[in-house]
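Engineer: Below is the file coords.cif, which contains mmCIF, C-alpha atoms.
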data_input
loop_
_atom_site.label_atom_id
_atom_site.label_comp_id
_atom_site.auth_asym_id
_atom_site.auth_seq_id
_atom_site.Cartn_x
_atom_site.Cartn_y
_atom_site.Cartn_z
CA MET A 1 -35.05 19.07 20.05
CA ARG A 2 -36.08 19.92 16.52
CA SER A 3 -32.88 21.86 15.91
CA GLY A 4 -30.42 19.05 15.40
CA VAL A 5 -31.55 16.78 18.24
CA GLY A 6 -34.89 15.36 17.19
CA GLY A 7 -35.80 13.76 13.91
CA GLY A 8 -34.69 10.51 12.35
CA PHE A 9 -35.42 8.37 15.39
CA ARG A 10 -37.22 5.71 13.39
CA ARG A 11 -34.64 3.27 12.10
CA TRP A 12 -34.54 -0.09 10.40
CA TRP A 13 -33.32 -2.65 12.92
CA PRO A 14 -30.97 -5.19 11.25
CA TRP A 15 -31.41 -7.64 14.13
CA ARG A 16 -35.20 -7.71 13.88
CA ARG A 17 -36.72 -11.14 14.47
CA HIS A 18 -39.86 -12.21 12.63
CA ASP A 19 -40.88 -14.85 15.18
CA GLY A 20 -42.43 -12.56 17.80
CA SER A 21 -39.40 -13.00 20.06
CA ALA A 22 -38.45 -10.82 23.01
CA LEU A 23 -36.08 -8.76 20.88
CA SER A 24 -38.96 -7.81 18.60
CA GLU A 25 -40.86 -6.58 21.64
CA ILE A 26 -37.83 -4.58 22.70
CA GLU A 27 -37.60 -3.08 19.22
CA ALA A 28 -41.13 -1.77 19.59
CA GLU A 29 -40.32 -0.31 23.02
CA ILE A 30 -37.22 1.49 21.72
CA THR A 31 -39.00 2.77 18.61
CA ALA A 32 -41.89 4.12 20.70
CA PHE A 33 -39.49 5.93 23.02
CA GLY A 34 -37.60 7.36 20.04
CA GLU A 35 -40.86 8.70 18.64
CA ALA A 36 -41.67 10.31 21.98
CA LEU A 37 -38.32 12.08 21.84
CA ASP A 38 -38.89 13.06 18.23
CA VAL A 39 -42.23 14.79 18.85
CA HIS A 40 -41.27 16.50 22.11
CA SER A 41 -41.56 20.27 21.79
CA PHE A 42 -38.55 21.21 23.94
CA SER A 43 -35.52 22.77 22.23
CA PRO A 44 -32.22 23.23 24.14
CA GLY A 45 -31.87 26.75 22.73
CA GLN A 46 -35.40 27.99 23.34
CA PRO A 47 -36.00 31.01 25.60
CA GLY A 48 -36.22 29.98 29.24
CA ALA A 49 -34.33 26.71 28.77
CA THR A 50 -32.18 25.92 31.80
CA ASP A 51 -29.20 23.67 32.42
CA GLY A 52 -31.47 21.36 34.40
CA MET A 53 -33.83 20.97 31.44
CA ARG A 54 -30.95 20.31 29.07
CA ALA A 55 -29.50 17.75 31.51
CA GLU A 56 -32.77 15.81 31.63
CA LEU A 57 -32.99 15.88 27.83
CA ALA A 58 -29.42 14.58 27.62
CA ARG A 59 -30.27 11.82 30.08
CA ALA A 60 -33.25 10.77 27.93
CA LEU A 61 -31.17 10.79 24.74
CA ASP A 62 -28.37 8.84 26.43
CA ALA A 63 -30.88 6.21 27.54
CA TYR A 64 -32.21 5.91 23.99
CA ASP A 65 -28.72 5.51 22.56
CA GLN A 66 -27.73 3.02 25.29
CA ALA A 67 -30.82 0.90 24.64
CA LYS A 68 -29.98 0.73 20.93
CA ARG A 69 -26.38 -0.25 21.66
CA ASP A 70 -27.50 -2.95 24.07
CA VAL A 71 -29.52 -4.75 21.41
CA ALA A 72 -27.45 -3.97 18.31
CA GLY A 73 -25.37 -7.11 18.80
CA ASP A 74 -28.37 -9.39 19.26
CA ARG A 75 -27.88 -9.68 23.00
CA SER A 76 -28.89 -12.69 25.09
CA ARG A 77 -32.42 -12.82 26.38
CA ALA A 78 -31.43 -12.04 29.95
CA ASP A 79 -29.85 -8.76 28.89
CA THR A 80 -33.13 -7.46 27.44
CA LEU A 81 -34.14 -6.71 31.02
CA ASP A 82 -31.27 -4.21 31.16
CA VAL A 83 -32.74 -2.54 28.05
CA LEU A 84 -36.13 -2.22 29.75
CA ARG A 85 -34.52 -0.60 32.77
CA THR A 86 -32.55 1.77 30.52
CA LEU A 87 -35.74 2.80 28.72
CA ASP A 88 -37.43 3.36 32.08
CA GLU A 89 -34.56 5.69 32.98
CA GLY A 90 -35.17 7.61 29.76
CA ARG A 91 -38.91 7.89 30.34
CA HIS A 92 -38.30 9.22 33.82
CA ALA A 93 -35.91 11.82 32.39
CA LEU A 94 -38.65 13.01 30.01
CA ALA A 95 -41.09 13.21 32.91
CA CYS A 96 -38.56 15.32 34.84
CA LEU A 97 -38.10 17.56 31.79
CA ASP A 98 -41.86 18.11 31.54
CA ALA A 99 -42.01 18.93 35.26
CA LEU A 100 -39.21 21.48 34.97
CA ILE A 101 -40.86 23.13 31.96
CA ALA A 102 -44.18 23.36 33.84
CA GLY A 103 -42.54 24.57 37.06
CA ARG A 104 -43.63 21.51 39.03
CA SER A 105 -41.66 19.41 41.51
CA LEU A 106 -39.71 16.54 40.02
CA PRO A 107 -41.82 13.36 39.97
CA GLU A 108 -41.26 10.73 42.62
CA ARG A 109 -40.33 7.42 41.13
CA MET A 110 -40.76 3.79 42.05
CA PRO A 111 -38.48 1.18 40.45
CA LEU A 112 -39.69 -1.39 37.95
CA CYS A 113 -41.53 -4.40 39.34
CA PHE A 114 -39.23 -6.55 41.48
CA PHE A 115 -40.39 -9.80 39.88
CA ASP A 116 -40.34 -8.82 36.21
CA ALA A 117 -39.32 -5.50 34.64
CA ARG A 118 -41.88 -6.10 31.88
CA HIS A 119 -44.68 -5.68 34.42
CA GLY A 120 -43.89 -1.98 34.41
CA ARG A 121 -43.47 0.51 37.24
CA ALA A 122 -43.98 -0.71 40.79
CA THR A 123 -46.88 0.86 42.66
CA ARG A 124 -46.24 -0.14 46.28
CA GLN A 125 -43.84 -1.73 48.76
CA VAL A 126 -44.78 -5.11 50.26
CA ARG A 127 -43.16 -7.67 52.53
CA TRP A 128 -42.28 -10.94 50.79
CA ALA A 129 -40.04 -13.92 51.42
CA PRO A 130 -38.70 -16.44 48.88
CA PRO A 131 -39.20 -20.11 49.77
CA GLY A 132 -36.89 -20.80 52.71
CA GLY A 133 -35.57 -17.22 52.74
CA ALA A 134 -35.94 -14.19 54.96
CA ALA A 135 -38.77 -11.68 54.49
CA ARG A 136 -37.84 -8.32 53.00
CA SER A 137 -39.49 -5.22 51.59
CA ILE A 138 -39.82 -5.21 47.79
CA ALA A 139 -41.46 -2.93 45.22
CA VAL A 140 -44.07 -4.66 43.03
CA CYS A 141 -46.59 -3.78 40.35
CA ALA A 142 -50.29 -3.51 41.17
CA ALA A 143 -51.15 -6.99 39.92
CA ASP A 144 -48.40 -8.68 41.94
CA ALA A 145 -49.39 -6.66 45.01
CA VAL A 146 -52.93 -8.08 44.73
CA ARG A 147 -51.61 -11.61 44.25
CA LEU A 148 -49.32 -11.32 47.25
CA THR A 149 -52.22 -10.01 49.35
CA GLU A 150 -54.35 -12.99 48.35
CA ASN A 151 -51.50 -15.48 48.77
CA PRO A 152 -48.62 -14.15 50.92
CA SER A 153 -46.34 -17.12 50.14
CA PRO A 154 -46.46 -17.87 46.41
CA GLY A 155 -43.47 -19.50 44.78
CA THR A 156 -43.20 -16.73 42.19
CA PRO A 157 -45.88 -14.18 41.23
CA ARG A 158 -47.24 -14.02 37.73
CA GLN A 159 -45.03 -14.26 34.69
CA ARG A 160 -45.79 -13.06 31.20
CA GLY A 161 -46.57 -15.57 28.53
CA ALA A 162 -44.16 -18.47 28.25
CA GLY A 163 -43.42 -17.58 24.67
CA SER A 164 -42.14 -14.12 25.53
CA GLY A 165 -38.56 -15.34 25.49
CA VAL A 166 -37.28 -13.15 28.34
CA ARG A 167 -35.87 -15.01 31.31
CA THR A 168 -36.73 -13.17 34.52
CA GLN A 169 -33.96 -12.69 37.03
CA PRO A 170 -35.68 -12.07 40.40
CA ARG A 171 -33.51 -10.26 42.90
CA ASP A 172 -34.83 -12.36 45.74
CA ALA A 173 -32.38 -15.24 45.42
CA LYS A 174 -31.90 -17.27 48.61
CA PRO A 175 -28.75 -16.43 50.55
CA ARG A 176 -25.99 -18.60 49.18
CA GLN A 177 -23.99 -20.93 51.35
CA THR A 178 -20.64 -19.65 52.60
CA THR A 179 -18.55 -21.40 49.98
CA PRO A 180 -16.23 -19.80 47.41
CA THR A 181 -18.10 -18.09 44.59
CA SER A 182 -16.42 -18.78 41.26
CA VAL A 183 -19.04 -17.45 38.84
CA SER A 184 -20.11 -13.82 38.88
CA GLN A 185 -23.85 -13.13 39.20
CA PRO A 186 -26.07 -10.04 38.63
CA GLN A 187 -27.01 -10.39 42.30
CA VAL A 188 -25.32 -12.26 45.12
CA GLY A 189 -26.33 -12.86 48.70
CA GLY A 190 -25.13 -14.46 51.87
CA LYS A 191 -24.85 -13.92 55.60
CA VAL A 192 -22.64 -11.49 57.45
CA GLY A 193 -19.59 -13.37 58.69
CA SER A 194 -15.82 -13.40 58.96
CA GLY A 195 -15.17 -12.25 55.41
CA GLU A 196 -13.41 -15.47 54.40
CA GLN A 197 -15.59 -15.90 51.33
CA THR A 198 -14.97 -13.84 48.20
CA HIS A 199 -18.13 -12.93 46.29
CA ARG A 200 -18.25 -11.90 42.62
CA LEU A 201 -20.88 -9.51 41.31
CA ARG A 202 -21.28 -9.27 37.55
CA MET A 203 -21.14 -5.72 36.25
CA PRO A 204 -24.13 -4.52 34.20
CA SER A 205 -23.92 -3.40 30.59
CA TYR A 206 -24.57 0.25 31.54
CA ARG A 207 -21.94 2.38 33.24
CA PRO A 208 -21.51 3.98 35.70
CA ALA A 209 -23.34 1.82 38.20
CA VAL A 210 -23.62 1.29 41.94
CA MET A 211 -23.83 -1.73 44.19
CA VAL A 212 -27.01 -1.67 46.27
CA PHE A 213 -26.22 -3.54 49.49
CA SER A 214 -29.10 -4.46 51.81
CA THR A 215 -29.42 -6.37 55.06
CA ASP A 216 -32.42 -7.98 56.73
CA GLY A 217 -31.20 -7.24 60.26
CA ARG A 218 -29.19 -4.93 62.46
CA SER A 219 -25.70 -6.05 61.48
CA ARG A 220 -22.81 -3.61 61.48
CA VAL A 221 -21.03 -4.44 58.25
CA HIS A 222 -17.66 -3.79 56.65
CA LEU A 223 -17.47 -4.41 52.91
CA ARG A 224 -14.12 -4.56 51.14
CA ILE A 225 -13.82 -4.32 47.37
CA GLU A 226 -10.96 -6.55 46.26
CA GLY A 227 -8.20 -5.04 44.14
CA SER A 228 -6.92 -6.38 40.84
CA ARG A 229 -4.13 -8.27 42.60
CA LYS A 230 -4.96 -11.10 44.96
CA GLY A 231 -4.64 -10.13 48.59
CA ARG A 232 -4.82 -6.41 47.81
CA SER A 233 -7.94 -4.36 48.37
CA SER A 234 -9.24 -1.01 47.28
CA ARG A 235 -11.44 0.98 49.63
CA LEU A 236 -13.07 -0.39 52.76
CA TYR A 237 -16.72 0.65 53.26
CA ARG A 238 -18.12 0.78 56.77
CA LEU A 239 -21.87 0.25 56.66
CA SER A 240 -24.31 0.43 59.56
CA GLY A 241 -27.96 -0.31 60.02
CA ASP A 242 -28.09 1.57 63.34
CA GLY A 243 -30.27 -1.13 64.88
CA THR A 244 -32.52 -1.61 61.85
CA PRO A 245 -32.20 -3.21 58.39
CA PHE A 246 -30.43 -0.88 55.98
CA THR A 247 -29.67 -0.25 52.33
CA ALA A 248 -26.46 1.45 51.17
CA ARG A 249 -24.99 2.26 47.78
CA ILE A 250 -21.35 1.81 46.78
CA PRO A 251 -19.72 3.04 43.53
CA LEU A 252 -18.74 0.13 41.30
CA PRO A 253 -15.31 0.33 39.60
CA ASP A 254 -15.38 1.12 35.90
CA GLY A 255 -13.80 -1.11 33.28
CA ASN A 256 -14.27 -4.50 34.98
CA LYS A 257 -16.58 -7.32 33.93
CA ALA A 258 -17.11 -8.29 37.56
CA VAL A 259 -16.23 -6.98 40.99
CA SER A 260 -14.96 -9.14 43.84
CA PHE A 261 -15.71 -8.24 47.44
CA ARG A 262 -15.81 -9.59 50.99
CA VAL A 263 -18.31 -8.93 53.77
CA PHE A 264 -17.24 -8.67 57.41
CA GLY A 265 -19.45 -8.20 60.45
CA ALA A 266 -20.03 -8.83 64.12
CA GLY A 267 -22.97 -10.13 66.09
CA GLU A 268 -25.78 -12.13 64.52
CA GLN A 269 -25.18 -13.45 61.01
CA GLU A 270 -27.89 -11.49 59.25
CA ALA A 271 -28.74 -12.14 55.59
CA TRP A 272 -27.64 -9.62 52.97
CA THR A 273 -27.96 -9.07 49.21
CA ALA A 274 -25.82 -7.07 46.77
CA THR A 275 -27.17 -6.00 43.37
CA ALA A 276 -25.66 -3.97 40.53
CA ALA A 277 -28.01 -1.08 39.79
CA PRO A 278 -28.25 2.06 37.61
CA LEU A 279 -27.80 5.57 38.96
CA ARG A 280 -31.54 6.04 39.40
CA GLU A 281 -31.17 3.98 42.60
CA VAL A 282 -29.08 6.78 44.14
CA PRO A 283 -31.27 9.03 46.34
CA ARG A 284 -31.67 12.61 45.08
CA PHE A 285 -32.13 15.75 47.13
CA HIS A 286 -32.14 19.53 46.85
CA ASP A 287 -32.34 20.77 50.43
CA ASP A 288 -31.45 18.00 52.88
CA ILE A 289 -31.00 14.26 53.29
CA ASP A 290 -30.03 11.96 56.14
CA GLY A 291 -28.63 8.47 56.51
CA THR A 292 -26.42 6.14 58.52
CA GLY A 293 -23.07 4.77 57.44
CA SER A 294 -21.50 4.99 53.98
CA ASP A 295 -23.72 5.83 51.02
CA VAL A 296 -23.86 7.65 47.67
CA VAL A 297 -26.24 10.60 47.19
CA HIS A 298 -27.11 12.85 44.26
CA TYR A 299 -27.13 16.56 45.12
CA ARG A 300 -29.49 18.48 42.81
CA GLY A 301 -29.03 21.95 44.25
CA GLU A 302 -26.76 24.81 43.31
CA PRO A 303 -23.18 25.57 44.43
CA GLY A 304 -23.10 27.25 47.81
CA PRO A 305 -22.84 26.74 51.56
CA GLY A 306 -23.75 23.41 53.13
CA VAL A 307 -23.88 21.84 56.57
CA LEU A 308 -22.96 18.33 57.66
CA HIS A 309 -24.29 17.08 61.01
CA TYR A 310 -22.66 13.89 62.28
CA ALA A 311 -23.49 11.80 65.35
CA GLY A 312 -20.97 9.00 64.97
CA SER A 313 -17.85 8.31 66.98
CA SER A 314 -15.45 7.83 64.06
CA LEU A 315 -14.32 10.11 61.24
CA ILE A 316 -16.81 11.12 58.52
CA GLN A 317 -15.85 12.23 55.01
CA LEU A 318 -17.95 13.79 52.25
CA GLU A 319 -16.31 13.13 48.88
CA ALA A 320 -17.22 14.55 45.48
CA LEU A 321 -17.34 11.98 42.67
CA ASP A 322 -16.76 12.56 38.97
CA ASP A 323 -19.12 11.47 36.18
CA ARG A 324 -17.66 7.96 36.36
CA LEU A 325 -18.32 7.78 40.13
CA ALA A 326 -14.59 7.87 40.79
CA TYR A 327 -13.13 9.84 43.71
CA TRP A 328 -12.60 13.48 42.79
CA ALA A 329 -12.04 15.48 45.98
CA THR A 330 -12.83 15.51 49.69
CA VAL A 331 -15.38 18.25 50.35
CA THR A 332 -15.33 18.08 54.15
CA GLU A 333 -14.38 15.72 56.98
CA GLY A 334 -14.40 15.65 60.75
CA ARG A 335 -15.69 14.03 63.92
CA ALA A 336 -19.10 14.28 65.60
CA GLY A 337 -20.74 17.68 65.46
CA GLU A 338 -21.63 20.29 62.83
CA HIS A 339 -19.35 21.03 59.89
CA THR A 340 -19.86 23.81 57.33
CA PHE A 341 -18.55 23.52 53.77
CA GLN A 342 -19.14 24.65 50.20
CA TRP A 343 -21.09 22.48 47.76
CA PRO A 344 -19.06 22.39 44.49
CA GLY A 345 -22.34 21.99 42.58
CA ARG A 346 -24.74 19.37 41.36
CA GLY A 347 -23.45 15.85 41.17
CA TYR A 348 -22.80 12.61 43.00
CA TYR A 349 -21.25 12.57 46.45
CA GLN A 350 -20.09 9.77 48.69
CA VAL A 351 -20.53 9.79 52.45
CA ARG A 352 -18.00 7.61 54.27
CA SER A 353 -18.92 7.08 57.92
CA PHE A 354 -20.10 4.59 60.51
CA GLY A 355 -22.78 6.69 62.19
CA ALA A 356 -25.89 8.82 61.61
CA TRP A 357 -25.54 11.97 59.49
CA THR A 358 -27.54 14.76 57.84
CA LEU A 359 -26.54 16.83 54.80
CA SER A 360 -28.22 20.13 53.98
CA ALA A 361 -27.90 23.16 51.75
CA THR A 362 -28.22 26.54 53.43
#
Write the structure described by the file as structure tokens, please.

Structural biologist:
Amino acid sequence: MRSGVGGGFRRWWPWRRHDGSALSEIEAEITAFGEALDVHSFSPGQPGATDGMRAELARALDAYDQAKRDVAGDRSRADTLDVLRTLDEGRHALACLDALIAGRSLPERMPLCFFDARHGRATRQVRWAPPGGAARSIAVCAADAVRLTENPSPGTPRQRGAGSGVRTQPRDAKPRQTTPTSVSQPQVGGKVGSGEQTHRLRMPSYRPAVMVFSTDGRSRVHLRIEGSRKGRSSRLYRLSGDGTPFTARIPLPDGNKAVSFRVFGAGEQEAWTATAAPLREVPRFHDDIDGTGSDVVHYRGEPGPGVLHYAGSSLIQLEALDDRLAYWATVTEGRAGEHTFQWPGRGYYQVRSFGAWTLSAT
């Protein structure tokens, strides 16, 4: 990093507030992360440096640059939460870099606290229900986990000081009524139904991004992303919980301020939520991974032979995605059974199916 990458991370921030506002706190967070990058001993050209190490360094630097861009225009308070998540992505990249240098396994990673990103990294999964809403599994920090244990039904766990200036945006919003949604939101929710309602999900400031779609029940769900012209749609995603609640990821289209979609299903009208999320929410694997229905996965292995096992009754497709999460090529497809193919290399892949599957590298 010292050869043309590090150095000069400390900068004067023209938007600095002198009133102790949230943006001043964010400035300190960004500066501290920049200093961590500046003093790191890794150099991309040093003996033993690998492409994986350089990729993690690039991810950390990209997060630092993205965080600076997000606040350069004096963003609204709500958007400072995006900056915290971006910085968390960068810190995780540095931790992965350190693990690769030391020859250790890549660190497992919990998301930031469900209730407030400023609480830091979550430490455990708990069951929690918003007032009048359905219970679900959420990741919370240690302090909120204790509070939820002591009082399983609080209105909202602890908040930081009222003067902090950051408005929290909990992802546990009650399912909205089945009426037209005219204003895009960072998270939307509802109940599986006929698909008559069009929902609008606001795109985050970072790109690319995925939609994380979760259900509280066993619904078999079809989700259709609406096209730019009314009445036209892009791709239809067939999601399945296989008898249990499920979470699936869907690539979000680039270049839009919001994405419109409809949710179709059969059986009981189970509650669902859809949230725009960064790429760290995509599951990573080297050797094998399994799932049910459509999803996005991040293959971290090398180019070479792979095997797809599929137990569904319909067609399954494994598609390679480019760095913008756009369709690149179909790697393999087929019906139930075992299919061999060649992994093109590391990257993001989309599974499109309506049944149980397993991907592995051989």

Engineer: For CA of Tyr348 (chain A) and CA of Val192 (chain A), quote the distance in Å rounded to one decimal.

Structural biologist: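 It comes out at 28.1 Å.
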
Engineer: So, with only C-alpha atoms as the atoms that count, which of A:Ile250, A:Thr275, A:Ala93, A:Ile138 lies closest to His199 (chain A)?

Structural biologist: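 When distances to His199 (chain A) are compared using only C-alpha atoms, the smallest one comes from A:Thr275.
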
Engineer: Which is closer to Trp272 (chain A) than all the others in A:Thr332, A:Gln350, A:Ser294, A:Gln187, using all atoms listed in the file?

Structural biologist: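 Of all the options, A:Gln187 lies closest to Trp272 (chain A).
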
Engineer: For CA of Val331 (chain A) and CA of Ala209 (chain A), quote the distance in Å rounded to one decimal.

Structural biologist: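 Distance between the two atoms: 21.9 Å.
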
Engineer: Under the PyMOL selection byres ((chain A and resi 48-65) around 9), which residues of this model are included? Write them out as a PyMOL selection string.

Structural biologist: chain A and resi 1+5+30+33-34+37+42-47+66-70+83+86-98+100-101

Engineer: Report as JSON lines the residues of region 273-306 of chain A within 8 Å of region 211-215 of chain A, each with its shortest atom pair and distance in Å (one decimal), using all atoms listed in the file, ordered by chain and increasing residue number.

Structural biologist:
{"residue": "A:Thr273", "atom": "CA", "partner": "A:Ser214", "partner_atom": "CA", "distance": 5.4}
{"residue": "A:Ala274", "atom": "CA", "partner": "A:Phe213", "partner_atom": "CA", "distance": 4.5}
{"residue": "A:Thr275", "atom": "CA", "partner": "A:Val212", "partner_atom": "CA", "distance": 5.2}
{"residue": "A:Ala276", "atom": "CA", "partner": "A:Met211", "partner_atom": "CA", "distance": 4.7}
{"residue": "A:Ala277", "atom": "CA", "partner": "A:Met211", "partner_atom": "CA", "distance": 6.1}
{"residue": "A:Glu281", "atom": "CA", "partner": "A:Val212", "partner_atom": "CA", "distance": 7.9}

Engineer: Counting only C-alpha atoms, figure out which residue out of A:Lys191, A:Cys141, A:Arg85, A:His298 gets nearest to Pro204 (chain A).

Structural biologist: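 Smallest separation from Pro204 (chain A) among the options: A:Arg85.
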
Engineer: Excluding Arg324 (chain A) and any residue of its chain fewer than 6 positions from it, enumerate the residues within 12 Å of it, using only C-alpha atoms, and give them as a PyMOL selection string.

Structural biologist: chain A and resi 206-210+251-255+279+347-349

Engineer: Hey, can you check how far CA of Val307 (chain A) sits from CA of Ser360 (chain A)?

Structural biologist: 5.3 Å

Engineer: Find the residues around Leu308 (chain A) up to 6 Å (only C-alpha atoms counted), leave out those fewer than 2 positions away in its own chain, and share them as a PyMOL selection string.

Structural biologist: chain A and resi 338-339+358-359

Engineer: Could you tell me which residues the PyMOL selection byres ((chain A and resi 284) around 10) returns for this structure, as a PyMOL selection string?

Structural biologist: chain A and resi 280-283+285-289+296-301+347-348

Engineer: Applying 8 Å and only C-alpha atoms, which residues near Gly337 (chain A) remain after dropping the ones on its own chain fewer than 4 positions away? List them as a PyMOL selection string.

Structural biologist: chain A and resi 309-311

Engineer: Could you give me, as a list in words, the residues within 6 Å of region 314-318 of chain A, counting only C-alpha atoms and dropping anything in the same chain fewer than 6 positions from it?

Structural biologist: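 So, after excluding close chain neighbours, the residues are Thr330, Val331, Thr332, Glu333, Gly334, Arg335, Gln350, Val351, Arg352 and Ser353 of chain A.
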
Engineer: For each of A:Ala28, A:Leu112, A:Val140, A:Val259, take the minimum atom-to-atom distance to Gln125 (chain A), counting only C-alpha atoms, then give the residue where this is smallest.

Structural biologist: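 Of A:Ala28, A:Leu112, A:Val140, A:Val259, the one nearest Gln125 (chain A), counting only C-alpha atoms, is A:Val140.
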
Engineer: When you count all atoms listed in the file, which of these residues is closest to Pro186 (chain A): A:Ala271, A:Leu321, A:Ala122, A:Ala258?

Structural biologist: A:Ala258

Engineer: Compare A:Met203, A:Ala129, A:Ala102, A:Val71 by their minimum atom-to-atom distance to Ile26 (chain A), counting all atoms listed in the file, and give me the closest one.

Structural biologist: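 The answer is A:Val71, which sits nearest to Ile26 (chain A).
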